[in-house]
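**Student:** For reference, this is entry.txt, and it has compact mmCIF, C-alpha atoms (C1' of nucleotides).
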# COMPACT_ATOMS: atom_id res chain seq x y z
CA MET A 1253 -5.87 -50.76 10.35
CA SER A 1254 -5.94 -48.16 13.09
CA ARG A 1255 -2.94 -45.92 13.34
CA GLY A 1256 -4.47 -44.01 16.21
CA GLY A 1257 -3.13 -43.40 19.64
CA ILE A 1258 -1.80 -40.53 21.67
CA ARG A 1259 0.57 -38.12 19.88
CA ILE A 1260 2.00 -36.03 22.65
CA ASN A 1261 3.60 -32.78 21.65
CA SER A 1262 2.01 -32.92 18.23
CA GLY A 1263 -0.09 -30.26 16.60
CA ARG A 1264 0.45 -26.99 14.86
CA LYS A 1265 3.16 -24.89 16.42
CA THR A 1266 2.74 -21.34 17.58
CA PRO A 1267 3.21 -18.78 16.16
CA SER A 1268 2.37 -20.15 12.74
CA SER A 1269 0.30 -17.23 11.54
CA PRO A 1270 1.85 -14.98 8.92
CA TYR A 1271 1.58 -12.06 11.36
CA LYS A 1272 3.38 -13.94 14.13
CA GLU A 1273 0.88 -12.56 16.58
CA LYS A 1274 -2.74 -12.79 17.63
CA THR A 1275 -5.56 -11.27 15.65
CA ILE A 1276 -8.88 -9.85 16.68
CA PRO A 1277 -12.01 -9.17 14.65
CA VAL A 1278 -12.62 -5.51 13.88
CA ARG A 1279 -15.68 -4.28 12.05
CA ILE A 1280 -14.79 -2.60 8.78
CA PRO A 1281 -17.16 -0.79 6.41
CA LEU A 1282 -17.75 -2.93 3.37
CA SER A 1283 -16.49 -0.32 0.94
CA ILE A 1284 -13.04 -0.15 2.44
CA LYS A 1285 -12.68 -3.80 3.24
CA PRO A 1286 -10.65 -4.42 0.07
CA ASP A 1287 -8.24 -1.64 1.03
CA VAL A 1288 -7.74 -3.10 4.44
CA LEU A 1289 -7.12 -6.54 2.95
CA VAL A 1290 -4.46 -5.15 0.64
CA TYR A 1291 -2.97 -3.40 3.60
CA LEU A 1292 -2.85 -6.63 5.58
CA GLU A 1293 -1.29 -8.41 2.61
CA GLU A 1294 1.53 -5.86 2.55
CA TYR A 1295 1.96 -6.17 6.25
CA LYS A 1296 2.26 -9.93 6.00
CA LYS A 1297 4.97 -9.64 3.40
CA ARG A 1298 6.94 -7.26 5.50
CA ILE A 1299 6.68 -9.44 8.54
CA SER A 1300 7.90 -12.48 6.70
CA ASN A 1301 10.78 -10.57 5.11
CA ASN A 1302 11.86 -9.18 8.44
CA SER A 1303 11.33 -12.35 10.30
CA GLU A 1304 14.92 -12.49 11.40
CA VAL A 1305 14.64 -9.06 12.98
CA SER A 1306 14.24 -9.02 16.70
CA LEU A 1307 10.74 -8.28 17.82
CA ASP A 1308 11.81 -6.59 21.03
CA PHE A 1309 10.28 -3.47 19.61
CA PRO A 1310 6.82 -3.39 18.21
CA GLN A 1311 6.89 -3.25 14.48
CA ALA A 1312 5.11 -0.55 12.62
CA LEU A 1313 3.15 -0.53 9.42
CA PRO A 1314 4.23 -1.29 5.91
CA ASN A 1315 4.15 1.48 3.35
CA PRO A 1316 0.69 2.87 3.63
CA PRO A 1317 -0.66 4.92 0.78
CA SER A 1318 0.44 8.48 1.47
CA LEU A 1319 -1.09 11.76 0.56
CA ALA A 1320 1.39 13.47 -1.69
CA ARG A 1321 1.51 17.23 -1.48
CA PRO A 1322 2.49 19.44 -4.36
CA ILE A 1323 5.49 21.43 -3.26
CA TYR A 1324 7.53 23.83 -5.28
CA SER A 1325 11.17 23.12 -4.83
CA GLY A 1326 14.22 24.99 -5.97
CA GLN A 1327 17.73 25.75 -4.95
CA VAL A 1328 18.97 28.56 -2.83
CA SER A 1329 22.39 29.71 -1.95
CA ALA A 1330 23.76 30.02 1.51
CA GLY A 1331 26.83 31.62 0.00
CA GLN A 1332 26.53 34.41 -2.47
CA SER A 1333 26.57 32.71 -5.81
CA ARG A 1334 23.80 33.54 -8.19
CA PHE A 1335 20.77 31.41 -8.59
CA PRO A 1336 17.80 31.76 -10.82
CA SER A 1337 14.60 32.96 -9.29
CA PRO A 1338 12.49 30.17 -7.92
CA ALA A 1339 9.51 31.97 -9.36
CA GLN A 1340 10.83 31.42 -12.85
CA ASP A 1341 12.14 27.95 -12.86
CA TYR A 1342 10.50 26.26 -9.98
CA GLU A 1343 9.79 22.71 -10.54
CA GLN A 1344 6.50 21.43 -9.35
CA LYS A 1345 7.15 18.30 -7.47
CA PHE A 1346 4.93 16.21 -5.39
CA LEU A 1347 7.24 16.07 -2.49
CA ASP A 1348 6.19 13.86 0.31
CA LEU A 1349 8.38 14.21 3.35
CA ASN A 1350 7.53 10.75 4.57
CA GLU A 1351 8.47 9.21 1.27
CA ARG A 1352 11.66 11.18 0.99
CA TYR A 1353 13.00 10.76 4.47
CA ILE A 1354 11.60 7.44 5.62
CA THR A 1355 13.05 4.56 3.69
CA ASP A 1356 11.83 1.77 5.87
CA PRO A 1357 8.83 2.76 7.95
CA PRO A 1358 8.74 -0.20 10.30
CA ALA A 1359 12.39 0.33 11.12
CA THR A 1360 12.12 4.07 11.53
CA PHE A 1361 12.02 5.79 14.89
CA PHE A 1362 12.02 9.39 15.96
CA PHE A 1363 13.85 10.84 18.89
CA GLU A 1364 13.95 14.25 20.38
CA VAL A 1365 17.47 15.33 21.23
CA ASN A 1366 18.47 16.52 24.63
CA GLY A 1367 21.64 18.46 25.19
CA ASP A 1368 24.26 20.07 23.00
CA SER A 1369 27.05 17.56 22.72
CA MET A 1370 26.50 17.07 18.99
CA ILE A 1371 26.35 20.69 17.90
CA GLY A 1372 29.30 20.25 15.59
CA ALA A 1373 27.32 17.71 13.59
CA GLY A 1374 24.39 20.06 13.27
CA ILE A 1375 22.38 18.34 15.98
CA PHE A 1376 21.04 20.83 18.50
CA HIS A 1377 19.06 20.57 21.68
CA GLY A 1378 15.41 20.05 20.83
CA ASP A 1379 16.04 18.73 17.35
CA THR A 1380 14.33 15.63 16.08
CA VAL A 1381 16.45 12.86 14.66
CA ILE A 1382 15.19 10.24 12.26
CA VAL A 1383 16.67 6.88 13.12
CA ASP A 1384 16.65 3.92 10.78
CA ARG A 1385 17.28 0.63 12.52
CA ALA A 1386 17.66 -1.13 9.22
CA ALA A 1387 20.33 1.20 7.85
CA LYS A 1388 23.90 -0.02 7.95
CA TYR A 1389 26.22 2.04 10.09
CA LYS A 1390 29.95 2.08 10.13
CA SER A 1391 32.69 3.72 12.09
CA SER A 1392 32.05 7.49 11.98
CA SER A 1393 28.32 7.08 11.50
CA ILE A 1394 26.12 9.02 13.85
CA VAL A 1395 23.99 6.60 15.81
CA VAL A 1396 21.57 6.33 18.66
CA ALA A 1397 23.11 3.95 21.16
CA ASP A 1398 22.45 2.51 24.54
CA VAL A 1399 25.33 2.18 26.97
CA ASP A 1400 24.26 0.43 30.14
CA GLY A 1401 20.76 1.79 29.88
CA GLU A 1402 21.77 5.29 28.92
CA TRP A 1403 20.54 6.39 25.52
CA MET A 1404 22.48 8.87 23.50
CA VAL A 1405 23.25 10.29 20.09
CA LYS A 1406 26.93 10.01 19.31
CA ARG A 1407 29.36 9.43 16.54
CA PHE A 1408 30.25 5.76 16.54
CA TYR A 1409 33.94 4.98 16.32
CA LYS A 1410 35.55 1.60 15.94
CA ARG A 1411 39.14 0.59 15.27
CA GLY A 1412 39.81 -3.05 15.88
CA SER A 1413 38.46 -3.84 19.30
CA VAL A 1414 38.43 -0.21 20.44
CA VAL A 1415 34.97 1.23 20.46
CA LYS A 1416 34.26 4.85 21.30
CA LEU A 1417 31.33 7.17 21.18
CA LEU A 1418 32.44 10.63 20.13
CA SER A 1419 30.73 13.92 20.77
CA GLU A 1420 30.93 16.88 18.44
CA ASN A 1421 31.47 19.46 21.10
CA PRO A 1422 34.87 20.15 22.68
CA GLU A 1423 33.23 20.31 26.09
CA HIS A 1424 32.19 16.67 25.91
CA PRO A 1425 34.94 14.04 26.05
CA PRO A 1426 34.61 10.80 24.09
CA ILE A 1427 33.15 7.77 25.79
CA THR A 1428 35.41 4.75 25.64
CA LEU A 1429 33.82 1.44 26.39
CA SER A 1430 35.46 -0.11 29.39
CA GLU A 1431 35.43 -3.73 30.41
CA GLY A 1432 31.97 -5.00 31.25
CA GLN A 1433 30.17 -2.06 29.71
CA GLU A 1434 27.55 -2.97 27.19
CA LEU A 1435 26.89 -1.02 24.03
CA HIS A 1436 23.88 -1.51 21.84
CA VAL A 1437 23.62 0.53 18.71
CA PHE A 1438 19.93 1.12 18.28
CA GLY A 1439 20.11 2.55 14.79
CA LYS A 1440 21.69 5.01 12.46
CA VAL A 1441 20.70 8.66 12.46
CA THR A 1442 19.74 9.28 8.85
CA TYR A 1443 18.38 12.80 9.16
CA VAL A 1444 18.19 15.63 11.62
CA ILE A 1445 15.30 18.05 11.63
CA HIS A 1446 16.29 21.35 13.12
CA LYS A 1447 14.14 24.34 13.90
CA PRO A 1448 16.27 27.45 13.67
CA GLU A 1449 15.61 30.36 16.01
CA MET B 759 -49.29 4.01 34.30
CA SER B 760 -48.65 2.07 31.15
CA ARG B 761 -47.51 4.03 28.16
CA GLY B 762 -47.12 0.89 26.10
CA GLY B 763 -48.69 -0.05 22.86
CA ILE B 764 -47.66 -0.49 19.28
CA ARG B 765 -45.31 2.12 17.83
CA ILE B 766 -45.38 1.48 14.15
CA ASN B 767 -42.58 2.96 12.12
CA SER B 768 -40.56 3.59 15.24
CA GLY B 769 -37.03 2.49 15.91
CA ARG B 770 -33.60 3.52 14.86
CA LYS B 771 -33.39 4.65 11.27
CA THR B 772 -31.03 3.24 8.72
CA PRO B 773 -28.38 4.18 7.91
CA SER B 774 -27.52 5.61 11.29
CA SER B 775 -23.98 4.32 11.47
CA PRO B 776 -21.23 6.89 11.02
CA TYR B 777 -20.12 5.04 7.89
CA LYS B 778 -23.57 5.10 6.35
CA GLU B 779 -23.08 1.53 5.24
CA LYS B 780 -22.80 -2.00 6.56
CA THR B 781 -19.77 -3.29 8.35
CA ILE B 782 -18.23 -6.71 8.58
CA PRO B 783 -15.73 -8.11 11.05
CA VAL B 784 -12.20 -8.55 9.72
CA ARG B 785 -9.42 -10.09 11.73
CA ILE B 786 -6.62 -7.60 12.37
CA PRO B 787 -3.27 -8.29 14.04
CA LEU B 788 -3.29 -6.77 17.49
CA SER B 789 -0.28 -4.58 16.88
CA ILE B 790 -1.85 -2.72 14.01
CA LYS B 791 -5.31 -2.55 15.42
CA PRO B 792 -4.71 0.99 16.69
CA ASP B 793 -3.63 2.02 13.20
CA VAL B 794 -6.74 0.63 11.67
CA LEU B 795 -8.88 2.36 14.26
CA VAL B 796 -7.27 5.69 13.43
CA TYR B 797 -7.88 4.95 9.80
CA LEU B 798 -11.54 4.27 10.47
CA GLU B 799 -11.76 7.45 12.53
CA GLU B 800 -10.48 9.46 9.59
CA TYR B 801 -12.87 7.73 7.31
CA LYS B 802 -15.80 8.47 9.59
CA LYS B 803 -14.92 12.14 9.69
CA ARG B 804 -14.73 12.30 5.96
CA ILE B 805 -18.06 10.63 5.60
CA SER B 806 -19.78 12.90 8.06
CA ASN B 807 -18.32 16.03 6.49
CA ASN B 808 -19.68 14.97 3.15
CA SER B 809 -23.03 14.05 4.58
CA GLU B 810 -24.87 16.79 2.72
CA VAL B 811 -23.82 15.21 -0.55
CA SER B 812 -26.55 13.36 -2.34
CA LEU B 813 -26.40 9.66 -1.85
CA ASP B 814 -28.25 8.78 -5.02
CA PHE B 815 -24.94 7.79 -6.51
CA PRO B 816 -22.13 6.31 -4.53
CA GLN B 817 -19.68 9.13 -4.00
CA ALA B 818 -15.99 8.71 -4.49
CA LEU B 819 -14.40 10.28 -1.50
CA PRO B 820 -12.12 13.16 -2.42
CA ASN B 821 -8.98 12.48 -0.46
CA PRO B 822 -8.85 8.84 0.50
CA PRO B 823 -7.81 8.70 4.10
CA SER B 824 -4.24 7.73 4.50
CA LEU B 825 -3.13 5.16 6.97
CA ALA B 826 -1.12 7.18 9.38
CA ARG B 827 2.25 5.77 10.22
CA PRO B 828 2.76 4.70 13.75
CA ILE B 829 6.20 5.75 14.80
CA TYR B 830 7.56 4.98 18.17
CA SER B 831 9.11 8.10 19.50
CA GLY B 832 11.16 8.66 22.52
CA GLN B 833 13.78 10.97 23.82
CA VAL B 834 17.46 10.53 23.53
CA SER B 835 20.27 12.42 25.08
CA ALA B 836 23.02 14.14 23.19
CA GLY B 837 24.61 14.84 26.54
CA GLN B 838 25.06 12.12 29.05
CA SER B 839 21.99 12.33 31.20
CA ARG B 840 20.07 9.16 31.73
CA PHE B 841 17.03 8.25 29.73
CA PRO B 842 14.80 5.24 29.95
CA SER B 843 14.99 2.64 27.28
CA PRO B 844 12.68 3.25 24.38
CA ALA B 845 11.66 -0.35 24.74
CA GLN B 846 10.23 0.42 28.11
CA ASP B 847 8.52 3.70 27.64
CA TYR B 848 8.04 4.11 23.97
CA GLU B 849 5.07 6.12 23.11
CA GLN B 850 3.14 5.08 20.11
CA LYS B 851 2.49 8.14 18.02
CA PHE B 852 1.12 8.50 14.60
CA LEU B 853 3.76 10.79 13.29
CA ASP B 854 3.32 12.16 9.82
CA LEU B 855 6.24 14.29 8.73
CA ASN B 856 4.09 16.30 6.35
CA GLU B 857 1.60 17.06 9.01
CA ARG B 858 4.19 17.94 11.57
CA TYR B 859 6.44 20.11 9.50
CA ILE B 860 4.18 21.64 6.89
CA THR B 861 1.71 24.05 8.40
CA ASP B 862 0.49 25.64 5.23
CA PRO B 863 1.03 23.40 2.20
CA PRO B 864 0.32 25.92 -0.55
CA ALA B 865 2.71 28.39 1.06
CA THR B 866 5.45 25.87 1.66
CA PHE B 867 8.54 25.58 -0.49
CA PHE B 868 11.65 23.48 -0.34
CA PHE B 869 15.14 24.63 -1.15
CA GLU B 870 18.39 22.84 -1.29
CA VAL B 871 21.12 24.82 0.31
CA ASN B 872 24.34 25.67 -1.44
CA GLY B 873 27.39 26.78 0.49
CA ASP B 874 28.36 26.93 4.12
CA SER B 875 27.68 30.47 5.22
CA MET B 876 24.98 29.38 7.67
CA ILE B 877 26.82 26.58 9.41
CA GLY B 878 26.48 28.31 12.78
CA ALA B 879 22.71 28.03 12.49
CA GLY B 880 22.89 24.34 11.72
CA ILE B 881 22.38 24.82 7.99
CA PHE B 882 24.96 22.94 5.96
CA HIS B 883 25.73 22.59 2.30
CA GLY B 884 23.29 20.16 0.75
CA ASP B 885 20.68 20.51 3.45
CA THR B 886 17.04 21.02 2.61
CA VAL B 887 15.21 23.94 4.14
CA ILE B 888 11.48 24.13 4.56
CA VAL B 889 10.28 27.63 3.80
CA ASP B 890 6.89 28.91 4.78
CA ARG B 891 5.87 32.03 2.90
CA ALA B 892 2.91 32.54 5.16
CA ALA B 893 4.90 32.47 8.40
CA LYS B 894 5.67 35.80 10.00
CA TYR B 895 9.33 36.66 10.26
CA LYS B 896 11.00 39.27 12.35
CA SER B 897 14.46 40.62 12.86
CA SER B 898 16.73 37.63 13.62
CA SER B 899 14.56 35.17 11.76
CA ILE B 900 16.27 32.99 9.20
CA VAL B 901 14.79 33.66 5.82
CA VAL B 902 15.18 32.95 2.15
CA ALA B 903 15.63 36.30 0.46
CA ASP B 904 16.26 37.72 -2.96
CA VAL B 905 18.67 40.63 -3.26
CA ASP B 906 18.79 41.93 -6.81
CA GLY B 907 18.06 38.52 -8.24
CA GLU B 908 20.39 36.65 -5.96
CA TRP B 909 18.68 34.11 -3.75
CA MET B 910 20.09 33.25 -0.39
CA VAL B 911 19.48 31.89 3.07
CA LYS B 912 20.43 34.43 5.72
CA ARG B 913 19.52 35.73 9.10
CA PHE B 914 17.35 38.79 8.59
CA TYR B 915 18.29 41.83 10.66
CA LYS B 916 16.44 45.09 10.94
CA ARG B 917 16.93 48.08 13.25
CA GLY B 918 15.03 51.14 12.17
CA SER B 919 15.84 51.65 8.54
CA VAL B 920 18.99 49.56 8.64
CA VAL B 921 18.50 46.17 7.03
CA LYS B 922 21.20 43.52 6.97
CA LEU B 923 21.46 39.89 6.01
CA LEU B 924 23.76 38.09 8.41
CA SER B 925 25.66 34.90 7.85
CA GLU B 926 26.48 32.42 10.58
CA ASN B 927 30.04 31.85 9.53
CA PRO B 928 32.87 34.20 10.43
CA GLU B 929 34.24 33.90 6.93
CA HIS B 930 31.16 35.54 5.46
CA PRO B 931 30.60 39.22 6.21
CA PRO B 932 27.09 40.59 6.63
CA ILE B 933 25.33 42.07 3.66
CA THR B 934 24.12 45.60 4.28
CA LEU B 935 21.54 46.88 1.87
CA SER B 936 22.90 49.90 0.06
CA GLU B 937 20.97 52.58 -1.77
CA GLY B 938 19.01 51.26 -4.72
CA GLN B 939 19.40 47.60 -3.76
CA GLU B 940 16.19 45.66 -3.56
CA LEU B 941 15.46 43.04 -1.00
CA HIS B 942 12.56 40.64 -1.14
CA VAL B 943 12.09 38.24 1.67
CA PHE B 944 10.66 35.16 0.08
CA GLY B 945 9.71 33.36 3.25
CA LYS B 946 10.78 32.20 6.64
CA VAL B 947 12.88 29.08 7.10
CA THR B 948 10.83 27.02 9.50
CA TYR B 949 12.88 23.82 9.47
CA VAL B 950 16.19 22.49 8.26
CA ILE B 951 16.60 18.89 7.28
CA HIS B 952 20.18 17.82 7.60
CA LYS B 953 21.77 14.56 6.59
CA PRO B 954 24.75 13.93 8.83
CA GLU B 955 27.80 12.20 7.43
C1' DT C 1061 14.29 -46.08 6.49
C1' DC C 1062 10.60 -43.86 4.22
C1' DT C 1063 5.71 -42.98 3.68
C1' DT C 1064 1.12 -42.88 5.23
C1' DT C 1065 -2.19 -41.57 8.32
C1' DG C 1066 -4.82 -39.98 11.95
C1' DA C 1067 -4.16 -37.18 16.29
C1' DT C 1068 -3.51 -32.87 17.89
C1' DT C 1069 -3.19 -28.06 18.15
C1' DA C 1070 -3.24 -23.20 16.00
C1' DG C 1071 -5.36 -19.95 13.08
C1' DT C 1072 -9.32 -17.90 10.31
C1' DG C 1073 -13.69 -16.18 8.47
C1' DT C 1074 -18.21 -15.65 9.74
C1' DT C 1075 -22.33 -16.17 12.53
C1' DA C 1076 -24.64 -15.26 16.69
C1' DC C 1077 -25.79 -12.69 20.31
C1' DA C 1078 -26.02 -9.66 23.99
C1' DG C 1079 -25.63 -5.07 25.02
C1' DT C 1080 -25.94 -0.19 23.32
C1' DA C 1081 -27.69 3.62 20.57
C1' DA C 1082 -31.08 5.96 18.02
C1' DT C 1083 -35.59 7.07 16.97
C1' DC C 1084 -40.46 7.16 17.23
C1' DA C 1085 -45.11 7.96 18.86
C1' DA C 1086 -48.39 7.12 22.64
C1' DA C 1087 -49.16 8.69 27.15
C1' DT C 1088 -48.75 12.19 30.30
C1' DG C 1089 -48.79 16.69 32.19
C1' DA C 1090 -48.74 21.71 31.89
C1' DT D 1326 -52.52 22.66 22.47
C1' DC D 1327 -47.98 21.52 22.96
C1' DA D 1328 -43.77 20.10 25.26
C1' DT D 1329 -41.95 16.21 27.88
C1' DT D 1330 -41.66 11.57 29.44
C1' DT D 1331 -41.45 6.95 28.55
C1' DG D 1332 -41.26 2.55 26.80
C1' DA D 1333 -41.41 0.19 22.19
C1' DT D 1334 -38.92 -0.67 18.34
C1' DT D 1335 -35.25 -1.13 15.31
C1' DA D 1336 -30.23 -0.50 13.95
C1' DC D 1337 -25.60 -0.99 15.17
C1' DT D 1338 -21.41 -2.86 17.51
C1' DG D 1339 -17.84 -5.56 19.85
C1' DT D 1340 -16.66 -9.93 20.76
C1' DA D 1341 -17.48 -14.85 21.95
C1' DA D 1342 -18.26 -19.00 19.70
C1' DC D 1343 -17.85 -22.19 16.28
C1' DA D 1344 -17.00 -24.71 12.33
C1' DC D 1345 -13.59 -25.20 9.16
C1' DT D 1346 -8.76 -25.11 7.49
C1' DA D 1347 -3.75 -25.39 8.15
C1' DA D 1348 0.26 -27.11 10.24
C1' DT D 1349 2.80 -30.37 12.65
C1' DC D 1350 3.87 -34.59 14.93
C1' DA D 1351 4.73 -39.41 15.81
C1' DA D 1352 2.90 -44.07 15.56
C1' DA D 1353 1.79 -47.56 12.22
C1' DG D 1354 2.63 -49.65 8.10
C1' DA D 1355 5.36 -50.69 3.87
In structure tokens, how does this file's structure come out?
**Tutor:**
Amino acid sequence: MSRGGIRINSGRKTPSSPYKEKTIPVRIPLSIKPDVLVYLEEYKKRISNNSEVSLDFPQALPNPPSLARPIYSGQVSAGQSRFPSPAQDYEQKFLDLNERYITDPPATFFFEVNGDSMIGAGIFHGDTVIVDRAAKYKSSSIVVADVDGEWMVKRFYKRGSVVKLLSENPEHPPITLSEGQELHVFGKVTYVIHKPE
Amino acid sequence: MSRGGIRINSGRKTPSSPYKEKTIPVRIPLSIKPDVLVYLEEYKKRISNNSEVSLDFPQALPNPPSLARPIYSGQVSAGQSRFPSPAQDYEQKFLDLNERYITDPPATFFFEVNGDSMIGAGIFHGDTVIVDRAAKYKSSSIVVADVDGEWMVKRFYKRGSVVKLLSENPEHPPITLSEGQELHVFGKVTYVIHKPE
DNA sequence: TCTTTGATTAGTGTTACAGTAATCAAATGA
DNA sequence: TCATTTGATTACTGTAACACTAATCAAAGA
């Protein structure tokens, strides 16, 4: 009758929680408990969808509810063609920068740029680049990459087995990967935020 | 010596919590615990600011606090100097693009740029510029201006009574204001958002 | 071989509790 | 009389503990 006995190495495996990490109790006001639960639900989904993604880097939040700001947008010419006055035909939009420029929040990172090797691509010293780890990059994409521990913004170039990292400044020669050098593309630069002087 | 004795009606008053309501423990994944704490912080502030409001009826909070996005930021080199791996020294920041790049929401406008006359300033065709009408501009500031109904992005130049609008592209000559021409500076370009290709 | 079943371990919501904070009024002292 | 000190009293909070559920395994049975 008894089917008992030792079962070594049995039991629930870890991590088997939907978060794939430990949890800790945090006191939440009753009125916003439902919001937090919804939030956790979203987070769970994201974690399970991205489960194949490496967890070397801490993952950030799912799409939290954002405060949209009403912004009047229009078009303006850098050349000299004629445009209607923004005062007349502005279009009231609720433009949320986060929404517009961050496609995948958990995969999005910000970097401040150091140096002027990418001036030709409109990336200046001190600029902030928005990097999306989930975005697909190809040859000629601008990426943030790590070559033997050195992190840089470059234009990624690949033809067959030849991989180079190109600058956009004649003073900076391309970097060709030599034998034994390791290249990790961290993510694709999707936007550059530049503060003009 | 003894100051003891019954103190009827003494003790901490309710509600004395910053939330003005009960709380309950909710299990939160460790990695997003900081986010939730920030969220609660915001909520607390909102509650305390509205404390003068009558509590006869439950009040709907005006702006629901948004869950700030944690973004891991680091620095990356466009040159070739060495930087530590973001995995090692990432700094968890709650970076909100709106907050960071929009100082004065009602005075902030967005324009899409047409043409390439400002390439030297890192402003390309198709870019979006953030324009702050409330920001002070001076000679050499980049502005959105209206000259006789024509709207443009230019570098504003002023020496005495001489006013010019300069391009940042050798192919585009400066615009000198002639007699009878009207110039209205709409606002100062505070940031340029560029999508590299 | 396949299925059943209890053993075993991980994860979860909630209670309990100890420690802290806030508030009051009696006792004290000026 | 009135301000200050002080301990009593009550509310609040973070977290440990615990009971319960979920997941997984391998031995026993079919």
**Student:** Quick one: residues within 7 Å of Val889 (chain B), all atoms listed in the file counted, chain neighbours fewer than 4 positions away excluded, as a ChimeraX atom specification?
**Tutor:** /B:866-868,945-948
**Student:** Residues as selected, C-alpha atoms, written as a compact mmCIF listing (two decimals), in the frame of the given file, can you do that?
**Tutor:**
# COMPACT_ATOMS: atom_id res chain seq x y z
CA THR B 866 5.45 25.87 1.66
CA PHE B 867 8.54 25.58 -0.49
CA PHE B 868 11.65 23.48 -0.34
CA GLY B 945 9.71 33.36 3.25
CA LYS B 946 10.78 32.20 6.64
CA VAL B 947 12.88 29.08 7.10
CA THR B 948 10.83 27.02 9.50
**Student:** Would you list the residues near (-27.6, 0.0, 16.7), meaning any protein, DNA or RNA residue with an atom at most 7 Å from that point in file coordinates, counting only C-alpha atoms (C1' of nucleotides), as JSON, numbers by chain?
**Tutor:** {"C": [1080, 1081], "D": [1336, 1337, 1338]}
**Student:** Give as a list in words every residue of chain D that touches chain B within 7 Å, counting all atoms listed in the file.
**Tutor:**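 Using all atoms listed in the file, chain D residues at most 7 Å from chain B: DT1331, DG1332, DA1333, DT1334, DT1335, DA1336 and DC1337 of chain D.
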**Student:** So how far away is CA of Val1444 (chain A) from CA of Glu1364 (chain A), in Å?
**Tutor:**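 Computing it gives 9.8 Å between the two atoms.
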**Student:** Would you mind listing what lies within 10 Å of Ser897 (chain B) as a PyMOL selection string, with only C-alpha atoms (C1' of nucleotides) counted and same-chain residues fewer than 2 positions away left out?
**Tutor:** chain B and resi 895+899-901+913-917+921-923
**Student:** For the residues in that selection, give me C-alpha atoms as a compact mmCIF listing (two decimals), keeping the file's coordinate frame.
**Tutor:**
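Saved file out-v6.txt follows:
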# COMPACT_ATOMS: atom_id res chain seq x y z
CA TYR B 895 9.33 36.66 10.26
CA SER B 899 14.56 35.17 11.76
CA ILE B 900 16.27 32.99 9.20
CA VAL B 901 14.79 33.66 5.82
CA ARG B 913 19.52 35.73 9.10
CA PHE B 914 17.35 38.79 8.59
CA TYR B 915 18.29 41.83 10.66
CA LYS B 916 16.44 45.09 10.94
CA ARG B 917 16.93 48.08 13.25
CA VAL B 921 18.50 46.17 7.03
CA LYS B 922 21.20 43.52 6.97
CA LEU B 923 21.46 39.89 6.01
**Student:** Taking only C-alpha atoms into account, which of B:Thr886, B:Asn856, B:Ser936, B:Ser919 comes nearest chain A?
**Tutor:** B:Asn856
**Student:** Quick one: of B:Ala893, B:Val784, B:His952, B:Glu926, who's nearest to DG1339 (chain D), counting all atoms listed in the file?
**Tutor:** B:Val784
**Student:** Could you check how far CA of Val887 (chain B) sits from CA of Lys912 (chain B), in Å to one decimal?
**Tutor:**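 Rounded to one decimal, the two atoms are 11.8 Å apart.
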**Student:** Find the residues near Asp874 (chain B): any atom within 6 Å, counting all atoms listed in the file, skip ones fewer than 3 places away on the same chain, and give them as a list in words.
**Tutor:** Ile877, Phe882 and His883 of chain B
**Student:** Go ahead and write the selection's residues with C-alpha atoms as an mmCIF file, in the frame of the given file.
**Tutor:**
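Contents of the output file again_26.cif:
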data_model
loop_
_atom_site.group_PDB
_atom_site.id
_atom_site.type_symbol
_atom_site.label_atom_id
_atom_site.label_comp_id
_atom_site.auth_asym_id
_atom_site.auth_seq_id
_atom_site.Cartn_x
_atom_site.Cartn_y
_atom_site.Cartn_z
ATOM 1 C CA ILE B 877 26.820 26.580 9.410
ATOM 2 C CA PHE B 882 24.960 22.940 5.960
ATOM 3 C CA HIS B 883 25.730 22.590 2.300
#
**Student:** At what distance in Å, to one decimal, does CA of Leu1418 (chain A) lie from CA of Met876 (chain B)?
**Tutor:**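 Interatomic distance, CA of Met876 (chain B) to CA of Leu1418 (chain A): 23.7 Å.
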**Student:** So, with all atoms listed in the file as the atoms that count, which of C:DA1067, C:DC1062, C:DA1076, C:DA1090 lies closest to DC1343 (chain D)?
**Tutor:**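 That would be C:DA1076, the residue with the smallest distance to DC1343 (chain D).
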**Student:** Edge lengths and centre, in Å to one decimal, as JSON: that's what I need for the box along x, y and z that holds all listed atoms of region 868-883 of chain B plus 8 Å on each side.
**Tutor:**
{"center_x": 20.0, "center_y": 26.5, "center_z": 5.7, "size_x": 32.7, "size_y": 23.9, "size_z": 30.2}
**Student:** Could you work out which residues of chain C fall inside 12 Å of chain A? Count only C-alpha atoms (C1' of nucleotides), and format the result as a list in words.
**Tutor:** DT1064, DT1065, DG1066, DA1067, DT1068, DT1069, DA1070, DG1071, DT1072, DG1073 and DT1074 of chain C
**Student:** With distances taken over only C-alpha atoms, which residue among A:Asn1366, A:Thr1428, A:Ser1392, A:Ser1419 lies nearest chain B?
**Tutor:**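 Closest to chain B, using only C-alpha atoms: A:Asn1366.
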**Student:** Name all residues at most 12 Å from DT1063 (chain C) (count only C-alpha atoms (C1' of nucleotides); drop same-chain ones fewer than 3 positions away) and give them as a list of chain:residue names.
**Tutor:**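 Residues near the query, excluding close chain neighbours: D:DA1353, D:DG1354, D:DA1355.
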